[in-house]
file my_file_12.csv (CSV, C-alpha atoms)
chain,number,residue,atom,x,y,z
A,1,MET,CA,-20.7,-18.4,8.7
A,2,ALA,CA,-20.1,-14.9,7.6
A,3,ALA,CA,-16.8,-14.7,9.6
A,4,ARG,CA,-15.5,-18.0,8.2
A,5,ALA,CA,-16.4,-17.0,4.7
A,6,GLY,CA,-14.6,-13.8,5.2
A,7,PHE,CA,-11.4,-15.5,6.3
A,8,VAL,CA,-11.6,-17.7,3.2
A,9,GLY,CA,-11.9,-14.6,1.1
A,10,ARG,CA,-9.0,-12.9,2.8
A,11,GLY,CA,-6.9,-16.0,2.3
A,12,VAL,CA,-7.6,-15.9,-1.5
A,13,ILE,CA,-6.4,-12.3,-1.8
A,14,TYR,CA,-3.2,-12.9,0.2
A,15,LEU,CA,-2.4,-16.1,-1.7
A,16,LEU,CA,-2.8,-14.3,-5.1
A,17,ILE,CA,-0.8,-11.3,-3.9
A,18,GLY,CA,2.0,-13.6,-2.8
A,19,PHE,CA,2.0,-15.5,-6.1
A,20,LEU,CA,2.0,-12.3,-8.1
A,21,ALA,CA,5.0,-11.0,-6.0
A,22,LEU,CA,6.8,-14.3,-6.8
A,23,ARG,CA,6.3,-13.7,-10.5
A,24,ILE,CA,7.7,-10.2,-10.1
A,25,ALA,CA,10.8,-11.6,-8.3
A,26,PHE,CA,11.5,-14.1,-11.0
A,27,ALA,CA,10.3,-12.2,-14.0
A,28,ASP,CA,8.4,-9.0,-14.6
A,29,GLY,CA,5.1,-10.1,-13.1
A,30,GLY,CA,3.3,-10.1,-16.4
A,31,GLY,CA,2.2,-6.5,-15.9
A,32,LYS,CA,0.1,-7.4,-12.9
A,33,GLN,CA,0.1,-5.4,-9.7
A,34,ALA,CA,1.0,-7.4,-6.6
A,35,ASP,CA,-1.8,-5.9,-4.6
A,36,ARG,CA,-5.6,-6.3,-4.3
A,37,SER,CA,-6.2,-4.9,-7.7
A,38,GLY,CA,-3.8,-7.4,-9.2
A,39,ALA,CA,-5.5,-10.3,-7.3
A,40,VAL,CA,-8.9,-9.1,-8.6
A,41,ALA,CA,-7.6,-8.9,-12.2
A,42,GLU,CA,-6.1,-12.4,-11.9
A,43,ILE,CA,-9.4,-13.9,-10.8
A,44,ALA,CA,-11.4,-12.0,-13.5
A,45,GLU,CA,-9.3,-13.6,-16.2
A,46,LYS,CA,-10.1,-17.1,-15.1
A,47,PRO,CA,-13.1,-19.2,-16.3
A,48,PHE,CA,-16.2,-18.1,-14.4
A,49,GLY,CA,-14.0,-15.3,-13.1
A,50,MET,CA,-16.8,-12.8,-12.6
A,51,ALA,CA,-18.9,-15.3,-10.7
A,52,LEU,CA,-15.9,-16.0,-8.5
A,53,LEU,CA,-15.4,-12.3,-7.9
A,54,TRP,CA,-19.1,-12.0,-6.7
A,55,LEU,CA,-18.5,-14.8,-4.3
A,56,LEU,CA,-15.2,-13.2,-3.1
A,57,GLY,CA,-16.9,-9.8,-2.6
A,58,ILE,CA,-19.8,-11.4,-0.7
A,59,ALA,CA,-17.3,-13.4,1.5
A,60,LEU,CA,-15.5,-10.1,2.4
A,61,ALA,CA,-18.8,-8.4,3.1
A,62,GLY,CA,-19.3,-11.3,5.6
A,63,MET,CA,-16.0,-10.4,7.2
A,64,ALA,CA,-17.2,-6.8,7.5
A,65,LEU,CA,-20.5,-7.9,9.0
A,66,TRP,CA,-18.7,-10.1,11.6
A,67,ARG,CA,-16.4,-7.2,12.6
A,68,LEU,CA,-19.5,-5.0,13.0
A,69,SER,CA,-21.0,-7.5,15.3
A,70,GLU,CA,-17.8,-7.5,17.3
A,71,ALA,CA,-17.9,-3.7,17.6
A,72,VAL,CA,-21.6,-3.8,18.8
A,73,PHE,CA,-21.6,-6.9,20.9
A,74,GLY,CA,-18.0,-7.5,21.7
A,75,GLN,CA,-15.5,-10.2,20.7
A,76,ALA,CA,-15.2,-13.8,21.7
A,77,GLY,CA,-13.2,-14.2,25.0
A,78,PRO,CA,-13.2,-12.8,28.5
A,79,ASP,CA,-12.0,-9.4,27.5
A,80,GLY,CA,-13.9,-9.1,24.3
A,81,ARG,CA,-16.2,-6.3,25.5
A,82,LYS,CA,-13.3,-3.8,26.1
A,83,ALA,CA,-13.8,-0.5,24.5
A,84,SER,CA,-10.4,-0.7,22.7
A,85,LYS,CA,-11.2,-4.1,21.1
A,86,ARG,CA,-14.6,-2.8,20.0
A,87,ALA,CA,-13.0,0.3,18.4
A,88,MET,CA,-10.5,-1.9,16.6
A,89,ALA,CA,-13.3,-4.1,15.4
A,90,ALA,CA,-15.2,-1.0,14.1
A,91,GLY,CA,-12.1,0.1,12.2
A,92,ARG,CA,-11.7,-3.4,10.6
A,93,CYS,CA,-15.4,-3.3,9.7
A,94,VAL,CA,-14.9,-0.1,7.7
A,95,PHE,CA,-11.8,-1.5,6.0
A,96,TYR,CA,-13.3,-4.8,5.0
A,97,GLY,CA,-16.5,-3.0,4.0
A,98,PHE,CA,-14.4,-0.9,1.6
A,99,VAL,CA,-12.6,-3.9,0.2
A,100,ALA,CA,-15.8,-5.8,-0.3
A,101,TYR,CA,-17.4,-2.8,-2.1
A,102,SER,CA,-14.4,-2.4,-4.4
A,103,VAL,CA,-14.4,-6.1,-5.4
A,104,LEU,CA,-18.2,-6.1,-5.9
A,105,SER,CA,-18.1,-2.9,-7.9
A,106,PHE,CA,-15.4,-4.4,-10.2
A,107,ALA,CA,-17.5,-7.5,-10.6
A,108,ALA,CA,-20.5,-5.3,-11.5
A,109,GLY,CA,-18.5,-3.7,-14.3
A,110,GLU,CA,-16.8,-0.7,-12.6
A,111,LYS,CA,-13.3,-1.5,-13.8
A,112,SER,CA,-11.8,1.5,-12.1
A,113,SER,CA,-12.9,0.4,-8.7
A,114,GLY,CA,-11.6,-3.0,-7.6
A,115,GLY,CA,-8.9,-2.8,-10.2
A,116,GLY,CA,-7.4,0.5,-9.2
A,117,SER,CA,-3.7,0.5,-8.5
A,118,SER,CA,-2.7,0.9,-4.8
A,119,ASP,CA,0.4,2.7,-5.9
A,120,GLU,CA,-1.4,5.4,-7.8
A,121,SER,CA,-4.0,5.8,-5.0
A,122,SER,CA,-1.3,6.2,-2.4
A,123,LYS,CA,0.5,8.9,-4.4
A,124,ASP,CA,-2.7,10.7,-5.2
A,125,VAL,CA,-3.9,10.7,-1.6
A,126,THR,CA,-0.4,11.8,-0.3
A,127,ALA,CA,-0.3,14.6,-2.9
A,128,LYS,CA,-3.7,15.9,-1.8
A,129,ALA,CA,-2.9,15.6,1.9
A,130,LEU,CA,0.5,17.5,1.5
A,131,GLU,CA,-1.5,20.4,0.1
A,132,TRP,CA,-3.5,20.8,3.3
A,133,PRO,CA,-2.4,23.0,6.2
A,134,HIS,CA,0.1,21.1,8.2
A,135,GLY,CA,-0.1,18.4,5.5
A,136,GLN,CA,3.4,17.2,6.1
A,137,TRP,CA,2.6,16.5,9.7
A,138,ILE,CA,-0.6,14.7,8.8
A,139,VAL,CA,1.1,12.5,6.2
A,140,GLY,CA,4.0,11.8,8.6
A,141,ALA,CA,1.7,10.9,11.4
A,142,ALA,CA,-0.3,8.6,9.2
A,143,GLY,CA,2.9,6.9,7.9
A,144,CYS,CA,4.1,6.4,11.5
A,145,ALA,CA,0.7,4.9,12.4
A,146,VAL,CA,0.9,2.4,9.5
A,147,ALA,CA,4.5,1.6,10.3
A,148,ALA,CA,3.7,1.0,14.0
A,149,ALA,CA,0.7,-1.1,13.0
A,150,GLY,CA,3.0,-3.2,10.9
A,151,LEU,CA,5.5,-3.7,13.7
A,152,TRP,CA,2.6,-4.5,16.0
A,153,ILE,CA,1.3,-7.2,13.6
A,154,ALA,CA,4.8,-8.7,13.3
A,155,VAL,CA,5.5,-8.8,17.0
A,156,ARG,CA,2.1,-10.3,17.8
A,157,ALA,CA,2.8,-13.0,15.2
A,158,LEU,CA,6.2,-13.8,16.6
A,159,LEU,CA,4.7,-14.0,20.1
A,160,ARG,CA,2.0,-16.3,18.8
A,161,LYS,CA,-0.8,-14.1,20.1
A,162,PHE,CA,-3.1,-15.8,17.6
A,163,HIS,CA,-3.3,-18.8,19.8
A,164,LYS,CA,-5.9,-17.2,22.0
A,165,HIS,CA,-8.2,-16.7,19.0
A,166,LEU,CA,-8.0,-20.3,17.8
A,167,LYS,CA,-9.4,-23.5,19.1
A,168,MET,CA,-6.0,-25.0,19.6
A,169,SER,CA,-7.3,-27.9,21.6
A,170,GLY,CA,-9.2,-29.1,18.5
A,171,LEU,CA,-5.9,-29.4,16.5
A,172,SER,CA,-3.7,-32.4,16.3
A,173,SER,CA,0.0,-31.9,17.3
A,174,ARG,CA,1.0,-31.9,13.6
A,175,ALA,CA,-1.8,-29.5,12.6
A,176,ARG,CA,-0.8,-27.2,15.5
A,177,LYS,CA,2.8,-27.1,14.2
A,178,TYR,CA,1.6,-26.2,10.7
A,179,VAL,CA,-0.6,-23.5,12.0
A,180,ASP,CA,2.2,-22.1,14.2
A,181,VAL,CA,4.6,-21.9,11.2
A,182,LEU,CA,1.9,-20.3,9.0
A,183,GLY,CA,0.9,-17.8,11.7
A,184,VAL,CA,4.4,-16.7,12.7
A,185,PHE,CA,5.9,-16.6,9.2
A,186,GLY,CA,2.8,-15.2,7.5
A,187,GLY,CA,2.0,-12.6,10.1
A,188,THR,CA,5.6,-11.4,10.3
A,189,ALA,CA,5.8,-11.0,6.5
A,190,ARG,CA,2.5,-9.1,6.5
A,191,GLY,CA,3.7,-6.8,9.3
A,192,VAL,CA,7.0,-6.1,7.4
A,193,VAL,CA,5.1,-5.0,4.3
A,194,PHE,CA,2.9,-2.7,6.3
A,195,ALA,CA,5.9,-1.3,8.2
A,196,ALA,CA,7.8,-0.6,5.0
A,197,ALA,CA,4.8,1.1,3.4
A,198,GLY,CA,4.5,3.3,6.5
A,199,ALA,CA,8.2,4.2,6.3
A,200,PHE,CA,7.8,5.3,2.6
A,201,ALA,CA,4.9,7.5,3.6
A,202,VAL,CA,7.0,9.1,6.3
A,203,THR,CA,9.8,9.7,3.8
A,204,ALA,CA,7.3,11.3,1.4
A,205,ALA,CA,6.2,13.7,4.2
A,206,VAL,CA,9.7,14.6,5.3
A,207,ARG,CA,10.9,15.3,1.7
A,208,HIS,CA,7.5,16.7,0.6
A,209,GLU,CA,7.6,14.4,-2.4
A,210,PRO,CA,4.3,12.5,-3.0
A,211,GLY,CA,6.0,10.1,-5.4
A,212,ARG,CA,7.9,8.5,-2.6
A,213,ALA,CA,4.7,7.1,-1.1
A,214,LYS,CA,4.2,3.6,-2.2
A,215,GLY,CA,1.2,1.2,-2.3
A,216,ILE,CA,1.6,-2.5,-1.7
A,217,ASP,CA,2.8,-3.3,-5.2
A,218,ASP,CA,5.7,-0.7,-5.2
A,219,THR,CA,6.5,-1.6,-1.5
A,220,LEU,CA,7.0,-5.2,-2.5
A,221,ARG,CA,9.0,-4.3,-5.6
A,222,SER,CA,11.3,-2.1,-3.4
A,223,PHE,CA,12.5,-5.3,-1.6
A,224,THR,CA,14.4,-6.2,-4.8
A,225,ASP,CA,16.5,-3.0,-4.4
A,226,THR,CA,18.0,-4.3,-1.1
A,227,PRO,CA,21.4,-6.0,-1.0
A,228,ALA,CA,19.5,-9.3,-0.9
A,229,GLY,CA,18.1,-8.6,-4.3
A,230,PRO,CA,15.0,-10.5,-5.4
A,231,TRP,CA,15.5,-13.1,-2.8
A,232,LEU,CA,14.1,-10.9,-0.1
A,233,LEU,CA,11.0,-10.3,-2.2
A,234,VAL,CA,10.8,-14.1,-2.6
A,235,LEU,CA,10.9,-14.5,1.2
A,236,ILE,CA,8.2,-11.9,1.8
A,237,ALA,CA,6.1,-13.3,-1.1
A,238,VAL,CA,6.2,-16.8,0.4
A,239,GLY,CA,5.3,-15.3,3.7
A,240,LEU,CA,2.2,-13.7,2.2
A,241,VAL,CA,1.2,-17.0,0.7
A,242,ALA,CA,1.7,-18.5,4.2
A,243,PHE,CA,-0.6,-15.8,5.6
A,244,GLY,CA,-3.2,-16.7,3.1
A,245,LEU,CA,-3.1,-20.3,4.2
A,246,PHE,CA,-3.2,-19.1,7.8
A,247,SER,CA,-6.4,-17.2,7.0
A,248,TRP,CA,-7.9,-20.5,5.8
A,249,ALA,CA,-6.9,-22.1,9.1
A,250,ASN,CA,-8.7,-19.3,10.8
A,251,ALA,CA,-11.8,-20.1,8.7
A,252,ARG,CA,-11.7,-23.5,10.2
A,253,TRP,CA,-10.6,-23.0,13.8
A,254,ARG,CA,-11.2,-19.3,14.7
A,255,LYS,CA,-13.3,-18.7,17.8
A,256,VAL,CA,-16.2,-16.6,16.6

call {"tool": "encode", "arguments": {"input": "my_file_12.csv", "output": "C-alpha cells"}}
result
Amino acid sequence: MAARAGFVGRGVIYLLIGFLALRIAFADGGGKQADRSGAVAEIAEKPFGMALLWLLGIALAGMALWRLSEAVFGQAGPDGRKASKRAMAAGRCVFYGFVAYSVLSFAAGEKSSGGGSSDESSKDVTAKALEWPHGQWIVGAAGCAVAAAGLWIAVRALLRKFHKHLKMSGLSSRARKYVDVLGVFGGTARGVVFAAAGAFAVTAAVRHEPGRAKGIDDTLRSFTDTPAGPWLLVLIAVGLVAFGLFSWANARWRKV
C-alpha cells in the first residue's frame, strides 16, 4: 500500500511539472517554477490545497519506506537480493525521504522548504562545491554521474526494461499498448531532462561558473533556446506528463 501510494504521489508531481512546462512553452508560466517547488505551490493554491499536500507528503513517505524495505529485504524478482539493487534502493529511499520531508515541511508552514527553487539550490550547491579543494573535479564528476543516470533512464525506457517490474499478464492488449507508450515516451523524456541537467553541471565545473548549473526549471526552459524553439519543450513537457501517467500505471500493476 505504501509503494502504490508513493507511485500515485510521484505521478502527481510529474504531471504538474509537465503542465507547468507547457505553460512556460506557450506563455510565461505564470511565474511558477516547472519543478517540484512549482508543483507544490500549484497544489497549495487549490481548495483544500494544504490537506492535499499532507496526503502527497505521506504518499511520498510511503515510497521512501518501500524503498527502504527493498534495501533491507531485497526487491521483487529472482535477482532482487543483489547488492547493487539494494544499494540503488537505499539511494532512492534517501531521495524520496528528502522529497517527502520537503513537501510535509511546506504543508506545516515552512514555505522555504518544499517551495524552494531547484535552480537557486543548484547554483548555491555548485558555488559552495567549487570552493572546495578539487571542487571543479567534484562538480564535474557529479555532473557526469547525473548525465549518465539520465542516459541510463532513457535507454532503459527505450528497451522497455520496465516490463519486468509490471504484471504485464494482467493487462489487456490495449492497456499494454498504452502502458508501453507512456513508459517509453515518459521515461525517455525524464532521462533527457536529467542528462541535460548533468551536462550543465559539467559546463559549470569546466568554466568555474556556478551560474551555469541549472535546476529542473532552468533546464526545461533551456530547451526553448534550441533551433526547435518552444516545440522541443512542448515535446519534453508532454513526455513528463506521460511519465506521471506511467507512475499511476505502476501504482496499479507494479510488482511489489

call {"tool": "residues_around", "arguments": {"input": "my_file_12.csv", "residues": "region 199-210 of chain A", "least_positions_apart": "4", "cutoff": "6 Å", "atoms": "all atoms listed in the file", "output": "list of chain:residue names"}}
result
A:Lys123, A:Thr126, A:Ala127, A:Gln136, A:Val139, A:Gly140, A:Gly143

call {"tool": "atom_distance", "arguments": {"input": "my_file_12.csv", "atom1": "CA of Asn250 (chain A)", "atom2": "CA of Phe7 (chain A)"}}
result
6.5 Å

call {"tool": "residues_around", "arguments": {"input": "my_file_12.csv", "residues": "Leu68 (chain A)", "least_positions_apart": "4", "cutoff": "7 Å", "atoms": "only C-alpha atoms", "output": "PDB file with C-alpha atoms, keeping the file's coordinate frame"}}
result
ATOM      1  CA  ALA A  64     -17.200  -6.800   7.500  1.00  0.00           C
ATOM      2  CA  VAL A  72     -21.600  -3.800  18.800  1.00  0.00           C
ATOM      3  CA  ALA A  89     -13.300  -4.100  15.400  1.00  0.00           C
ATOM      4  CA  ALA A  90     -15.200  -1.000  14.100  1.00  0.00           C
ATOM      5  CA  CYS A  93     -15.400  -3.300   9.700  1.00  0.00           C
TER       6      CYS A  93
END

call {"tool": "atom_distance", "arguments": {"input": "my_file_12.csv", "atom1": "CA of Arg254 (chain A)", "atom2": "CA of Ala61 (chain A)"}}
result
17.6 Å

call {"tool": "residues_around", "arguments": {"input": "my_file_12.csv", "residues": "Phe95 (chain A)", "least_positions_apart": "3", "cutoff": "12 Å", "atoms": "only C-alpha atoms", "output": "PyMOL selection string"}}
result
chain A and resi 60-61+63-65+67-68+88-92+98-102

call {"tool": "closest_residue", "arguments": {"input": "my_file_12.csv", "among": "A:Leu55, A:Lys177, A:Gly77, A:Met50", "to": "Ala108 (chain A)", "atoms": "only C-alpha atoms"}}
result
A:Met50

call {"tool": "residues_around", "arguments": {"input": "my_file_12.csv", "residues": "Leu171 (chain A)", "least_positions_apart": "4", "cutoff": "12 Å", "atoms": "only C-alpha atoms", "output": "list of chain:residue names"}}
result
A:His163, A:Leu166, A:Lys167, A:Ala175, A:Arg176, A:Lys177, A:Tyr178, A:Val179, A:Asp180, A:Ala249, A:Asn250, A:Arg252, A:Trp253, A:Arg254

call {"tool": "closest_residue", "arguments": {"input": "my_file_12.csv", "among": "A:Gly49, A:Asp225, A:Ile43, A:Tyr14", "to": "Gly187 (chain A)", "atoms": "all atoms listed in the file"}}
result
A:Tyr14

call {"tool": "build_atoms", "arguments": {"input": "my_file_12.csv", "residues": "region 240-251 of chain A", "atoms": "all heavy atoms", "output": "mmCIF file, in the frame of the given file"}}
result
data_model
loop_
_atom_site.group_PDB
_atom_site.id
_atom_site.type_symbol
_atom_site.label_atom_id
_atom_site.label_comp_id
_atom_site.auth_asym_id
_atom_site.auth_seq_id
_atom_site.Cartn_x
_atom_site.Cartn_y
_atom_site.Cartn_z
ATOM 1 N N LEU A 240 3.564 -14.076 2.497
ATOM 2 C CA LEU A 240 2.200 -13.700 2.200
ATOM 3 C C LEU A 240 1.321 -14.844 1.807
ATOM 4 O O LEU A 240 0.141 -14.906 2.164
ATOM 5 C CB LEU A 240 2.179 -12.580 1.123
ATOM 6 C CG LEU A 240 2.837 -11.251 1.505
ATOM 7 C CD1 LEU A 240 2.809 -10.278 0.323
ATOM 8 C CD2 LEU A 240 2.172 -10.624 2.727
ATOM 9 N N VAL A 241 1.913 -15.774 1.061
ATOM 10 C CA VAL A 241 1.200 -17.000 0.700
ATOM 11 C C VAL A 241 0.881 -17.770 2.028
ATOM 12 O O VAL A 241 -0.229 -18.286 2.212
ATOM 13 C CB VAL A 241 2.024 -17.890 -0.215
ATOM 14 C CG1 VAL A 241 1.388 -19.270 -0.371
ATOM 15 C CG2 VAL A 241 2.149 -17.218 -1.583
ATOM 16 N N ALA A 242 1.870 -17.814 2.934
ATOM 17 C CA ALA A 242 1.700 -18.500 4.200
ATOM 18 C C ALA A 242 0.533 -17.815 5.000
ATOM 19 O O ALA A 242 -0.286 -18.495 5.638
ATOM 20 C CB ALA A 242 2.950 -18.463 5.044
ATOM 21 N N PHE A 243 0.455 -16.478 4.938
ATOM 22 C CA PHE A 243 -0.600 -15.800 5.600
ATOM 23 C C PHE A 243 -1.971 -16.106 5.022
ATOM 24 O O PHE A 243 -2.980 -16.185 5.731
ATOM 25 C CB PHE A 243 -0.392 -14.271 5.655
ATOM 26 C CG PHE A 243 -1.381 -13.541 6.513
ATOM 27 C CD1 PHE A 243 -1.253 -13.536 7.888
ATOM 28 C CD2 PHE A 243 -2.462 -12.879 5.945
ATOM 29 C CE1 PHE A 243 -2.189 -12.885 8.691
ATOM 30 C CE2 PHE A 243 -3.394 -12.227 6.735
ATOM 31 C CZ PHE A 243 -3.251 -12.229 8.112
ATOM 32 N N GLY A 244 -1.998 -16.274 3.709
ATOM 33 C CA GLY A 244 -3.200 -16.700 3.100
ATOM 34 C C GLY A 244 -3.704 -18.032 3.563
ATOM 35 O O GLY A 244 -4.889 -18.227 3.870
ATOM 36 N N LEU A 245 -2.767 -18.970 3.685
ATOM 37 C CA LEU A 245 -3.100 -20.300 4.200
ATOM 38 C C LEU A 245 -3.510 -20.213 5.672
ATOM 39 O O LEU A 245 -4.409 -20.934 6.121
ATOM 40 C CB LEU A 245 -1.912 -21.239 4.039
ATOM 41 C CG LEU A 245 -1.508 -21.541 2.587
ATOM 42 C CD1 LEU A 245 -0.227 -22.360 2.562
ATOM 43 C CD2 LEU A 245 -2.624 -22.262 1.858
ATOM 44 N N PHE A 246 -2.849 -19.318 6.415
ATOM 45 C CA PHE A 246 -3.200 -19.100 7.800
ATOM 46 C C PHE A 246 -4.625 -18.576 7.937
ATOM 47 O O PHE A 246 -5.366 -18.925 8.867
ATOM 48 C CB PHE A 246 -2.208 -18.171 8.477
ATOM 49 C CG PHE A 246 -2.513 -17.844 9.906
ATOM 50 C CD1 PHE A 246 -2.407 -18.815 10.897
ATOM 51 C CD2 PHE A 246 -2.903 -16.565 10.284
ATOM 52 C CE1 PHE A 246 -2.695 -18.527 12.222
ATOM 53 C CE2 PHE A 246 -3.186 -16.267 11.604
ATOM 54 C CZ PHE A 246 -3.089 -17.252 12.570
ATOM 55 N N SER A 247 -5.028 -17.721 7.008
ATOM 56 C CA SER A 247 -6.400 -17.200 7.000
ATOM 57 C C SER A 247 -7.392 -18.344 6.813
ATOM 58 O O SER A 247 -8.459 -18.357 7.437
ATOM 59 C CB SER A 247 -6.573 -16.169 5.885
ATOM 60 O OG SER A 247 -5.815 -15.002 6.144
ATOM 61 N N TRP A 248 -7.040 -19.305 5.975
ATOM 62 C CA TRP A 248 -7.900 -20.500 5.800
ATOM 63 C C TRP A 248 -7.976 -21.308 7.060
ATOM 64 O O TRP A 248 -9.024 -21.877 7.383
ATOM 65 C CB TRP A 248 -7.407 -21.306 4.618
ATOM 66 C CG TRP A 248 -7.692 -20.654 3.288
ATOM 67 C CD1 TRP A 248 -8.393 -19.493 3.086
ATOM 68 C CD2 TRP A 248 -7.277 -21.102 2.006
ATOM 69 N NE1 TRP A 248 -8.436 -19.198 1.744
ATOM 70 C CE2 TRP A 248 -7.773 -20.158 1.055
ATOM 71 C CE3 TRP A 248 -6.543 -22.186 1.556
ATOM 72 C CZ2 TRP A 248 -7.547 -20.300 -0.307
ATOM 73 C CZ3 TRP A 248 -6.314 -22.325 0.191
ATOM 74 C CH2 TRP A 248 -6.815 -21.395 -0.729
ATOM 75 N N ALA A 249 -6.850 -21.386 7.787
ATOM 76 C CA ALA A 249 -6.900 -22.100 9.100
ATOM 77 C C ALA A 249 -7.802 -21.379 10.049
ATOM 78 O O ALA A 249 -8.515 -22.018 10.832
ATOM 79 C CB ALA A 249 -5.458 -22.180 9.649
ATOM 80 N N ASN A 250 -7.822 -20.033 9.983
ATOM 81 C CA ASN A 250 -8.700 -19.300 10.800
ATOM 82 C C ASN A 250 -10.189 -19.561 10.455
ATOM 83 O O ASN A 250 -11.069 -19.591 11.322
ATOM 84 C CB ASN A 250 -8.464 -17.759 10.660
ATOM 85 C CG ASN A 250 -7.410 -17.257 11.604
ATOM 86 O OD1 ASN A 250 -7.693 -16.725 12.665
ATOM 87 N ND2 ASN A 250 -6.153 -17.452 11.233
ATOM 88 N N ALA A 251 -10.441 -19.768 9.169
ATOM 89 C CA ALA A 251 -11.800 -20.100 8.700
ATOM 90 C C ALA A 251 -12.282 -21.383 9.372
ATOM 91 O O ALA A 251 -13.483 -21.554 9.603
ATOM 92 C CB ALA A 251 -11.831 -20.198 7.202
#
